[in-house]
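Engineer: Contents of my_file_21.pdb (PDB, C-alpha atoms) are below:
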```pdb
ATOM      1  CA  MET A   1      -3.469 -26.971  -7.107
ATOM      2  CA  ILE A   2      -3.184 -23.373  -5.856
ATOM      3  CA  ARG A   3      -3.389 -21.060  -8.885
ATOM      4  CA  ILE A   4      -1.363 -17.864  -8.519
ATOM      5  CA  VAL A   5      -1.111 -14.550 -10.365
ATOM      6  CA  LEU A   6       2.016 -12.448  -9.721
ATOM      7  CA  ALA A   7       2.395  -8.696 -10.178
ATOM      8  CA  GLU A   8       5.809  -7.059  -9.893
ATOM      9  CA  ASP A   9       7.327  -4.310 -12.042
ATOM     10  CA  GLN A  10      10.915  -5.533 -11.654
ATOM     11  CA  ARG A  11      11.207  -8.238 -14.318
ATOM     12  CA  MET A  12      14.018 -10.126 -12.612
ATOM     13  CA  MET A  13      12.079 -10.311  -9.359
ATOM     14  CA  LEU A  14       8.943 -11.371 -11.250
ATOM     15  CA  GLY A  15      10.831 -14.199 -12.990
ATOM     16  CA  ALA A  16      12.574 -15.358  -9.812
ATOM     17  CA  LEU A  17       9.363 -15.363  -7.820
ATOM     18  CA  GLY A  18       7.538 -17.274 -10.554
ATOM     19  CA  SER A  19      10.263 -19.942 -10.765
ATOM     20  CA  LEU A  20      10.363 -20.292  -7.007
ATOM     21  CA  LEU A  21       6.619 -20.845  -6.642
ATOM     22  CA  ASP A  22       6.483 -23.213  -9.617
ATOM     23  CA  LEU A  23       8.876 -25.490  -7.694
ATOM     24  CA  GLU A  24       6.169 -26.083  -5.091
ATOM     25  CA  GLU A  25       4.195 -29.244  -5.903
ATOM     26  CA  ASP A  26       0.830 -27.749  -4.978
ATOM     27  CA  MET A  27       1.278 -24.352  -6.682
ATOM     28  CA  GLU A  28       1.125 -23.071 -10.252
ATOM     29  CA  VAL A  29       1.778 -19.531 -11.497
ATOM     30  CA  VAL A  30      -0.959 -18.947 -14.087
ATOM     31  CA  GLY A  31      -0.277 -15.288 -14.900
ATOM     32  CA  LYS A  32       2.294 -12.509 -14.496
ATOM     33  CA  ALA A  33       1.722  -8.757 -14.642
ATOM     34  CA  SER A  34       4.162  -5.862 -14.509
ATOM     35  CA  ASN A  35       1.718  -3.094 -13.537
ATOM     36  CA  GLY A  36      -1.429  -2.523 -11.497
ATOM     37  CA  GLU A  37      -3.830  -2.373 -14.446
ATOM     38  CA  GLU A  38      -2.583  -5.637 -15.963
ATOM     39  CA  VAL A  39      -2.998  -7.470 -12.676
ATOM     40  CA  ILE A  40      -6.631  -6.387 -12.338
ATOM     41  CA  GLU A  41      -7.377  -7.705 -15.851
ATOM     42  CA  LEU A  42      -5.523 -10.980 -15.186
ATOM     43  CA  VAL A  43      -7.306 -11.662 -11.903
ATOM     44  CA  GLU A  44     -10.713 -10.977 -13.467
ATOM     45  CA  LYS A  45      -9.899 -13.167 -16.478
ATOM     46  CA  LEU A  46      -8.028 -16.086 -14.860
ATOM     47  CA  GLU A  47      -9.817 -16.185 -11.473
ATOM     48  CA  PRO A  48      -6.740 -17.385  -9.530
ATOM     49  CA  ASP A  49      -6.848 -18.488  -5.879
ATOM     50  CA  ILE A  50      -4.096 -16.089  -4.871
ATOM     51  CA  CYS A  51      -2.723 -12.839  -6.257
ATOM     52  CA  ILE A  52       0.688 -11.711  -4.984
ATOM     53  CA  MET A  53       1.638  -8.134  -5.766
ATOM     54  CA  ASP A  54       4.104  -5.398  -5.047
ATOM     55  CA  ILE A  55       2.892  -1.953  -3.917
ATOM     56  CA  GLU A  56       4.853   0.455  -6.085
ATOM     57  CA  MET A  57       3.984  -0.385  -9.695
ATOM     58  CA  PRO A  58       3.227   1.752 -12.776
ATOM     59  CA  LEU A  59      -0.340   2.800 -13.802
ATOM     60  CA  LYS A  60      -1.913   1.604 -10.547
ATOM     61  CA  SER A  61      -0.220   0.722  -7.274
ATOM     62  CA  GLY A  62      -0.719  -2.656  -5.613
ATOM     63  CA  LEU A  63      -2.909  -0.926  -3.023
ATOM     64  CA  ASP A  64      -5.116   0.632  -5.752
ATOM     65  CA  ALA A  65      -5.430  -2.805  -7.371
ATOM     66  CA  ALA A  66      -6.210  -4.475  -4.016
ATOM     67  CA  GLU A  67      -9.029  -1.978  -3.409
ATOM     68  CA  ILE A  68     -10.485  -2.640  -6.881
ATOM     69  CA  LEU A  69     -10.181  -6.436  -6.499
ATOM     70  CA  ARG A  70     -11.639  -6.430  -3.010
ATOM     71  CA  ASP A  71     -14.871  -8.233  -4.021
ATOM     72  CA  GLN A  72     -13.099 -10.927  -6.054
ATOM     73  CA  PRO A  73     -12.894 -14.394  -4.432
ATOM     74  CA  CYS A  74      -9.116 -14.305  -5.058
ATOM     75  CA  LYS A  75      -7.028 -13.746  -1.901
ATOM     76  CA  ILE A  76      -4.557 -10.851  -2.139
ATOM     77  CA  ILE A  77      -1.040 -10.901  -0.713
ATOM     78  CA  ILE A  78       1.039  -7.722  -0.733
ATOM     79  CA  LEU A  79       4.755  -8.529  -1.038
ATOM     80  CA  THR A  80       6.834  -5.383  -0.668
ATOM     81  CA  THR A  81      10.049  -3.847   0.633
ATOM     82  CA  PHE A  82       8.035  -1.111   2.362
ATOM     83  CA  ALA A  83       7.251  -1.591   6.034
ATOM     84  CA  ARG A  84       5.181   1.585   6.312
ATOM     85  CA  SER A  85       2.289   1.887   8.713
ATOM     86  CA  GLY A  86       0.179   3.961   6.296
ATOM     87  CA  TYR A  87       0.543   1.356   3.543
ATOM     88  CA  PHE A  88      -0.223  -1.445   5.979
ATOM     89  CA  GLU A  89      -3.319   0.349   7.271
ATOM     90  CA  ARG A  90      -4.601   0.919   3.734
ATOM     91  CA  ALA A  91      -3.902  -2.720   2.777
ATOM     92  CA  ARG A  92      -5.832  -3.947   5.824
ATOM     93  CA  LYS A  93      -8.781  -1.726   4.948
ATOM     94  CA  ALA A  94      -8.697  -3.180   1.413
ATOM     95  CA  GLY A  95      -9.099  -6.620   2.997
ATOM     96  CA  VAL A  96      -5.778  -8.147   1.905
ATOM     97  CA  SER A  97      -5.080 -11.625   3.298
ATOM     98  CA  GLY A  98      -1.351 -11.100   3.695
ATOM     99  CA  TYR A  99       1.232  -8.323   3.876
ATOM    100  CA  LEU A 100       4.743  -9.751   3.673
ATOM    101  CA  LEU A 101       8.174  -8.204   3.300
ATOM    102  CA  LYS A 102      10.534  -9.131   0.459
ATOM    103  CA  ASP A 103      13.453  -9.722   2.809
ATOM    104  CA  SER A 104      11.654 -12.677   4.458
ATOM    105  CA  PRO A 105      13.074 -16.151   3.673
ATOM    106  CA  SER A 106      11.613 -17.569   0.434
ATOM    107  CA  GLU A 107      10.207 -20.695   2.118
ATOM    108  CA  ASP A 108       8.091 -18.407   4.312
ATOM    109  CA  LEU A 109       6.181 -17.283   1.215
ATOM    110  CA  ALA A 110       4.998 -20.788   0.267
ATOM    111  CA  THR A 111       4.053 -21.524   3.893
ATOM    112  CA  SER A 112       2.158 -18.205   4.099
ATOM    113  CA  ILE A 113       0.269 -18.985   0.871
ATOM    114  CA  ARG A 114      -0.927 -22.330   2.275
ATOM    115  CA  THR A 115      -1.919 -20.729   5.587
ATOM    116  CA  ILE A 116      -3.869 -17.999   3.745
ATOM    117  CA  MET A 117      -5.592 -20.661   1.611
ATOM    118  CA  ASP A 118      -6.783 -22.172   4.924
ATOM    119  CA  GLY A 119      -8.597 -18.913   5.613
ATOM    120  CA  ARG A 120      -6.106 -17.194   7.909
ATOM    121  CA  ARG A 121      -4.411 -13.808   7.475
ATOM    122  CA  ILE A 122      -0.670 -13.240   7.714
ATOM    123  CA  TYR A 123       1.025  -9.925   8.388
ATOM    124  CA  ALA A 124       4.787  -9.441   8.811
ATOM    125  CA  PRO A 125       5.353  -9.028  12.581
ATOM    126  CA  GLU A 126       7.334  -5.779  12.182
ATOM    127  CA  LEU A 127       4.266  -4.213  10.527
ATOM    128  CA  VAL A 128       1.994  -4.995  13.401
ATOM    129  CA  ASP A 129       4.443  -3.240  15.749
ATOM    130  CA  LEU A 130       4.703  -0.310  13.336
ATOM    131  CA  ALA A 131       0.949   0.045  13.007
ATOM    132  CA  TYR A 132       0.615   0.632  16.717
ATOM    133  CA  ALA A 133       3.764   2.704  17.139
ATOM    134  CA  ASP A 134       3.272   5.006  14.207
ATOM    135  CA  GLU A 135      -0.186   6.514  14.016
ATOM    136  CA  ASN A 136      -0.672   9.548  11.782
ATOM    137  CA  PRO A 137      -0.668  12.461  14.289
ATOM    138  CA  LEU A 138      -2.727  14.748  12.020
ATOM    139  CA  THR A 139      -6.488  15.214  12.280
ATOM    140  CA  ASP A 140      -8.618  14.511   9.178
ATOM    141  CA  ARG A 141      -8.704  18.232   8.376
ATOM    142  CA  GLU A 142      -4.935  18.625   8.802
ATOM    143  CA  SER A 143      -4.385  15.565   6.592
ATOM    144  CA  GLN A 144      -6.634  17.178   3.976
ATOM    145  CA  VAL A 145      -4.514  20.347   4.081
ATOM    146  CA  MET A 146      -1.383  18.177   3.875
ATOM    147  CA  GLU A 147      -2.691  16.429   0.725
ATOM    148  CA  LEU A 148      -3.299  19.836  -0.915
ATOM    149  CA  ILE A 149       0.186  21.035   0.075
ATOM    150  CA  ALA A 150       1.595  17.904  -1.592
ATOM    151  CA  GLU A 151      -0.343  18.755  -4.752
ATOM    152  CA  GLY A 152       1.596  22.024  -4.806
ATOM    153  CA  ARG A 153      -1.342  24.279  -3.906
ATOM    154  CA  SER A 154      -0.652  27.727  -2.486
ATOM    155  CA  THR A 155      -2.078  28.931   0.850
ATOM    156  CA  LYS A 156      -4.625  30.972  -1.099
ATOM    157  CA  GLU A 157      -5.704  27.978  -3.225
ATOM    158  CA  ILE A 158      -6.053  25.743  -0.168
ATOM    159  CA  ALA A 159      -8.190  28.407   1.547
ATOM    160  CA  LYS A 160     -10.448  28.626  -1.505
ATOM    161  CA  GLU A 161     -10.772  24.844  -1.873
ATOM    162  CA  LEU A 162     -11.644  24.293   1.815
ATOM    163  CA  PHE A 163     -13.759  27.459   2.225
ATOM    164  CA  ILE A 164     -11.585  28.814   5.031
ATOM    165  CA  THR A 165      -9.442  31.960   5.411
ATOM    166  CA  THR A 166      -5.758  32.097   4.472
ATOM    167  CA  GLY A 167      -5.011  32.820   8.152
ATOM    168  CA  THR A 168      -6.671  29.528   9.133
ATOM    169  CA  VAL A 169      -4.652  27.683   6.475
ATOM    170  CA  ARG A 170      -1.448  29.219   7.870
ATOM    171  CA  ASN A 171      -2.440  28.044  11.358
ATOM    172  CA  TYR A 172      -3.060  24.514  10.006
ATOM    173  CA  ILE A 173       0.309  24.503   8.245
ATOM    174  CA  SER A 174       2.107  25.662  11.379
ATOM    175  CA  THR A 175       0.387  22.901  13.425
ATOM    176  CA  ILE A 176       1.240  20.293  10.746
ATOM    177  CA  LEU A 177       4.945  21.284  10.768
ATOM    178  CA  ASP A 178       4.980  21.087  14.579
ATOM    179  CA  LYS A 179       3.289  17.694  14.710
ATOM    180  CA  LEU A 180       5.524  16.227  12.007
ATOM    181  CA  GLU A 181       8.582  17.854  13.639
ATOM    182  CA  VAL A 182       9.790  19.391  10.372
ATOM    183  CA  GLY A 183      10.864  22.882   9.309
ATOM    184  CA  ASN A 184       9.024  23.449   6.024
ATOM    185  CA  ARG A 185       6.422  22.148   3.543
ATOM    186  CA  ILE A 186       8.931  20.111   1.499
ATOM    187  CA  GLU A 187      10.130  18.249   4.604
ATOM    188  CA  ALA A 188       6.510  17.737   5.675
ATOM    189  CA  ILE A 189       5.622  16.147   2.333
ATOM    190  CA  SER A 190       8.639  13.879   2.454
ATOM    191  CA  ARG A 191       7.981  12.808   6.095
ATOM    192  CA  PHE A 192       4.307  12.155   5.332
ATOM    193  CA  LYS A 193       5.219  10.122   2.243
ATOM    194  CA  GLU A 194       7.960   8.180   4.012
ATOM    195  CA  LYS A 195       5.449   7.127   6.680
ATOM    196  CA  GLY A 196       2.971   6.060   4.000
ATOM    197  CA  TRP A 197       0.223   8.316   5.373
ATOM    198  CA  PHE A 198      -0.983   9.705   2.035
ATOM    199  CA  LYS A 199      -4.359   8.170   1.150
TER     200      LYS A 199
END
```
Since I need it in another form, could you write the structure as structure tokens?
Structural biologist:
Amino acid sequence: MIRIVLAEDQRMMLGALGSLLDLEEDMEVVGKASNGEEVIELVEKLEPDICIMDIEMPLKSGLDAAEILRDQPCKIIILTTFARSGYFERARKAGVSGYLLKDSPSEDLATSIRTIMDGRRIYAPELVDLAYADENPLTDRESQVMELIAEGRSTKEIAKELFITTGTVRNYISTILDKLEVGNRIEAISRFKEKGWFK
């Protein structure tokens, strides 16, 4: 019997998913969580074979939880609506066994779970294409500046934090706006977030 823990903050989705998997003869949902902290506790306590979780959840995201649970024997499957290359990249680095999209047919989920139990990894095909098509164009340093911009820091504060001059920060910001093809900081933050490039 494949023992499964589910984590999803939308209660209806959580219930539907649980009922669906319980219909499979070789699967049993042993725990349900509605946020990232609960799922970590459940996995550590129940030691399931598989943990299926959404990305955007309260307290901790599915990606945060996946990174924390990385050394657990439980195999992690991310099930999300977000086909974003940054999320996918982070999930892969966290060692997840599957990254599936919620709009896939429901029978695909059960098949994927069995395949993953056999030791294989499964990633939604559109993500693999995205990962290669959509690399973050910013250097590590530019990404660092971008993170500080997103935190609402001023040019002066960024300069102080990174031990560089305000002129250098302005140059970085101008390069970031060019590379992201946007007109201002707000648009840059939203483009960066939409692509899932924030760490």
Engineer: As a check of understanding, name the residues that the PyMOL selection byres ((chain A and resi 40) around 12) selects in the supplied structure, as a PDB file with C-alpha atoms, in the coordinates of the input.
Structural biologist:
```pdb
ATOM      1  CA  VAL A   5      -1.111 -14.550 -10.365  1.00  0.00           C
ATOM      2  CA  LEU A   6       2.016 -12.448  -9.721  1.00  0.00           C
ATOM      3  CA  ALA A   7       2.395  -8.696 -10.178  1.00  0.00           C
ATOM      4  CA  GLY A  31      -0.277 -15.288 -14.900  1.00  0.00           C
ATOM      5  CA  LYS A  32       2.294 -12.509 -14.496  1.00  0.00           C
ATOM      6  CA  ALA A  33       1.722  -8.757 -14.642  1.00  0.00           C
ATOM      7  CA  SER A  34       4.162  -5.862 -14.509  1.00  0.00           C
ATOM      8  CA  ASN A  35       1.718  -3.094 -13.537  1.00  0.00           C
ATOM      9  CA  GLY A  36      -1.429  -2.523 -11.497  1.00  0.00           C
ATOM     10  CA  GLU A  37      -3.830  -2.373 -14.446  1.00  0.00           C
ATOM     11  CA  GLU A  38      -2.583  -5.637 -15.963  1.00  0.00           C
ATOM     12  CA  VAL A  39      -2.998  -7.470 -12.676  1.00  0.00           C
ATOM     13  CA  GLU A  41      -7.377  -7.705 -15.851  1.00  0.00           C
ATOM     14  CA  LEU A  42      -5.523 -10.980 -15.186  1.00  0.00           C
ATOM     15  CA  VAL A  43      -7.306 -11.662 -11.903  1.00  0.00           C
ATOM     16  CA  GLU A  44     -10.713 -10.977 -13.467  1.00  0.00           C
ATOM     17  CA  LYS A  45      -9.899 -13.167 -16.478  1.00  0.00           C
ATOM     18  CA  LEU A  46      -8.028 -16.086 -14.860  1.00  0.00           C
ATOM     19  CA  GLU A  47      -9.817 -16.185 -11.473  1.00  0.00           C
ATOM     20  CA  PRO A  48      -6.740 -17.385  -9.530  1.00  0.00           C
ATOM     21  CA  CYS A  51      -2.723 -12.839  -6.257  1.00  0.00           C
ATOM     22  CA  ILE A  52       0.688 -11.711  -4.984  1.00  0.00           C
ATOM     23  CA  MET A  53       1.638  -8.134  -5.766  1.00  0.00           C
ATOM     24  CA  LEU A  59      -0.340   2.800 -13.802  1.00  0.00           C
ATOM     25  CA  LYS A  60      -1.913   1.604 -10.547  1.00  0.00           C
ATOM     26  CA  SER A  61      -0.220   0.722  -7.274  1.00  0.00           C
ATOM     27  CA  GLY A  62      -0.719  -2.656  -5.613  1.00  0.00           C
ATOM     28  CA  LEU A  63      -2.909  -0.926  -3.023  1.00  0.00           C
ATOM     29  CA  ASP A  64      -5.116   0.632  -5.752  1.00  0.00           C
ATOM     30  CA  ALA A  65      -5.430  -2.805  -7.371  1.00  0.00           C
ATOM     31  CA  ALA A  66      -6.210  -4.475  -4.016  1.00  0.00           C
ATOM     32  CA  GLU A  67      -9.029  -1.978  -3.409  1.00  0.00           C
ATOM     33  CA  ILE A  68     -10.485  -2.640  -6.881  1.00  0.00           C
ATOM     34  CA  LEU A  69     -10.181  -6.436  -6.499  1.00  0.00           C
ATOM     35  CA  ARG A  70     -11.639  -6.430  -3.010  1.00  0.00           C
ATOM     36  CA  ASP A  71     -14.871  -8.233  -4.021  1.00  0.00           C
ATOM     37  CA  GLN A  72     -13.099 -10.927  -6.054  1.00  0.00           C
ATOM     38  CA  CYS A  74      -9.116 -14.305  -5.058  1.00  0.00           C
ATOM     39  CA  ILE A  76      -4.557 -10.851  -2.139  1.00  0.00           C
TER      40      ILE A  76
END
```
Engineer: So, counting only C-alpha atoms, which residue among A:Leu101, A:Ile113, A:Met57, A:Ile173 is closest to A:Ala150?
Structural biologist: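 The closest residue to A:Ala150 is A:Ile173.
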Engineer: Taking the file above as input, evaluate the PyMOL selection byres ((chain A and resi 86) around 7) and report the hits as a PyMOL selection string.
Structural biologist: chain A and resi 84-85+87-90+195-197
Engineer: Near A:Arg3, counting only C-alpha atoms, which residues have an atom at most 8 Å away, once you skip same-chain residues fewer than 4 positions from it, shown as number ranges by chain?
Structural biologist: A: 27-30, 48-50
Engineer: Counting all atoms listed in the file, what is within 10 Å of A:Ile186, bar same-chain residues fewer than 3 positions away, as a PyMOL selection string?
Structural biologist: chain A and resi 149-150+152+182-183+189-192
Engineer: Would you mind exporting the chosen residues as an mmCIF file, keeping the file's coordinate frame, restricted to C-alpha atoms?
Structural biologist:
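Saved result, part-v2.cif, follows:
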```
data_model
loop_
_atom_site.group_PDB
_atom_site.id
_atom_site.type_symbol
_atom_site.label_atom_id
_atom_site.label_comp_id
_atom_site.auth_asym_id
_atom_site.auth_seq_id
_atom_site.Cartn_x
_atom_site.Cartn_y
_atom_site.Cartn_z
ATOM 1 C CA ILE A 149 0.186 21.035 0.075
ATOM 2 C CA ALA A 150 1.595 17.904 -1.592
ATOM 3 C CA GLY A 152 1.596 22.024 -4.806
ATOM 4 C CA VAL A 182 9.790 19.391 10.372
ATOM 5 C CA GLY A 183 10.864 22.882 9.309
ATOM 6 C CA ILE A 189 5.622 16.147 2.333
ATOM 7 C CA SER A 190 8.639 13.879 2.454
ATOM 8 C CA ARG A 191 7.981 12.808 6.095
ATOM 9 C CA PHE A 192 4.307 12.155 5.332
#
```
Engineer: List the residues matched by the PyMOL selection byres ((chain A and resi 107-110) around 12) in the displayed structure as a PyMOL selection string, ordered by chain and then by residue number.
Structural biologist: chain A and resi 2+4+17-18+20-28+50+52+77-79+98-106+111-117+122-124
Engineer: Mind pulling up the distance from atom CA of A:Pro137 to atom CA of A:Thr155?
Structural biologist: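 Rounded to one decimal, the two atoms are 21.3 Å apart.
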Engineer: Calculate how many Å separate atom CA of A:Glu142 from atom CA of A:Glu56, rounding to one decimal.
Structural biologist: 25.4 Å
Engineer: Please put the answer as JSON: centre and edge lengths, in Å with one decimal, of a box along x, y and z that encloses all listed atoms of stretch 178-192 of chain A plus 3 Å on each side.
Structural biologist:
```
{"center_x": 7.1, "center_y": 17.8, "center_z": 8.1, "size_x": 13.6, "size_y": 17.3, "size_z": 19.2}
```
Engineer: I need the residue nearest A:Glu194 from this list: A:Asn136, A:Gln144, A:Thr175, A:Thr166. Use only C-alpha atoms for the distance.
Structural biologist: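 Comparing A:Asn136, A:Gln144, A:Thr175, A:Thr166 against A:Glu194, the winner is A:Asn136.
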Engineer: Using only C-alpha atoms, which of the listed residues (A:Lys75, A:Met12, A:Leu138, A:Phe198) sits closest to A:Glu181?
Structural biologist: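 Residue with the minimum atom-to-atom distance to A:Glu181: A:Leu138.
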Engineer: Would you work out the distance separating atom CA of A:Asp140 from atom CA of A:Gly95, expressed in Å to one decimal?
Structural biologist: 22.0 Å
